[in-house]
Amino acid sequence: MADFIFSLNATLPIFLIMVLGWFLMRIGLFNKEFNKVADKYVFKVALPVLLFKDIATADIRSDFNLTFVLFCMVTTTIMFLAIWGLSYIFIKDKTQVGAFAQASARGSAAVLGIAFINNIYGNSGMAPLMIVSAVPLYNILSVIILTFSADMGKNGNVSGVQTSKSSNIKKACINVVKNPIIIGIFLGLPFSIFGINIPAIPLKAVTSIAQTATPIALLVVGAGFEGAKAIKKIKLTSIATFIKLVLLPLIFFPFAIAFGFGGSELVAILIMLGSPTTVTCYIMAKNMGNDEVLSSSIVVMATLLSSVTLTGWIFVLKVMGLI
């Protein structure tokens with residue numbers, strides 16, 4: 001029961017803020033112009049600053065484990081590319097491939113990771129190392145998938161003119177280099193790797209900006225949620241939610257256990273694999289010309305159901321004596 005209450009405390013407030021955004025949009029306090037500006041602020045300022053701060057202030061040197069880092073990196077790459085490939089094969093409407101693939105693979109590691117492990121173990125454990133290992137790849141792979149998928153939707157399905165492979169690769173590389181979220185991550189890495197402390201005054205300013213990222217992003221997701229359109233995409237939404245919350249942990253946990261991971265390592269891997277779809281999926285999909293309606297629908301459903309699934313996974317790991 002304690003685990004279930006904790007999971008509710010972690011996920012229900014997130015869901016309620018999205019509901020608030022939806023309500024404020026419906027009563028006219030928010031409008032489309034506000035949503036557009038807020039989208040850009042979160043994408044170009046708040047989220048990059050949040051990830052910079054999370055990584056720059058993480059102490060990865062004291063708990064560095066090369067096997068754990070490689071496992072997180074390889075697992076992240078496999079799940080993104082496998083879901084992308086299967087999505088392309090099985091989803092008829094190619095304009096939905098990018099949003100579906102990203103939302104099925106990308107969890108809320110940076111937001112929930114440290115909080116979950118702190119609650120269970122009293123310290124952040126392996127969460128910072130998992131974030132440094134997986135989150136940069138989350139963003140790089142998401143940019144690549146969304147870039148190719150946006151072009152595929154505009155060209156492949158609409159006009160029948162296929163964008164050349166070399167053009168797509170070049171565009172994806174440019175988008176990776178220019179992506180504000182990725183820039184924020186890589187600016188934070190030297191501080192974490194070399195143990196550089198940010199002075200108190202700039203750190204306080206950075207923290208204040210970072211704290212605006214999650215609530216504004218959640219309000220924007222809720223405000224942009226279109227129930228009628230989302231219902232038409234309920235099948236893909238349900239499949240993506242199942243993949244994110246249940247299937248990925250089911251597939252990769254046996255490998256994690258086989259590598260001898262336990263305790264905070266396994267909880268960090270659980271957050272990497274089975275946490276709800278991050279709100280960043282909606283922000284990036286909308287800003288990169290992909291299906292934001294499908295993205296917001298998956299974020300809402302995954303967040304709503306994650307308190308049950310995360311509690312279930314924690315219970316299973318405890319029963320097996322692994323955490």
# chains A, B, ... in the order shown; residues from 1 in each chain; ligands from 1
>>> residues_around(residues="Thr214 in chain A", least_positions_apart="3", cutoff="10 Å", atoms="only C-alpha atoms", output="ChimeraX atom specification")
/A:14,17,42,46-47,50,111,210-211,217-220,278-280
>>> residues_around(residues="range 251-258 of chain A", least_positions_apart="5", cutoff="12 Å", atoms="only C-alpha atoms", output="count of residues only")
33
>>> closest_residue(among="A:Cys173, A:Ile231, A:Met126, A:Leu146", to="Tyr282 in chain A", atoms="only C-alpha atoms")
A:Leu146
>>> atom_distance(atom1="CA of Val37 in chain A", atom2="CA of Ile234 in chain A")
28.0 Å
>>> closest_residue(among="A:Gly21, A:Pro249, A:Pro128, A:Gly184", to="Pro215 in chain A", atoms="only C-alpha atoms")
A:Gly21
>>> atom_distance(atom1="CA of Val135 in chain A", atom2="CA of Gly107 in chain A")
9.3 Å
>>> closest_residue(among="A:Ser149, A:Met284, A:Ile5, A:Ala240", to="Lys94 in chain A", atoms="only C-alpha atoms")
A:Ser149
>>> closest_residue(among="A:Leu24, A:Val143, A:Leu129, A:Ile55", to="Gly188 in chain A", atoms="only C-alpha atoms")
A:Ile55
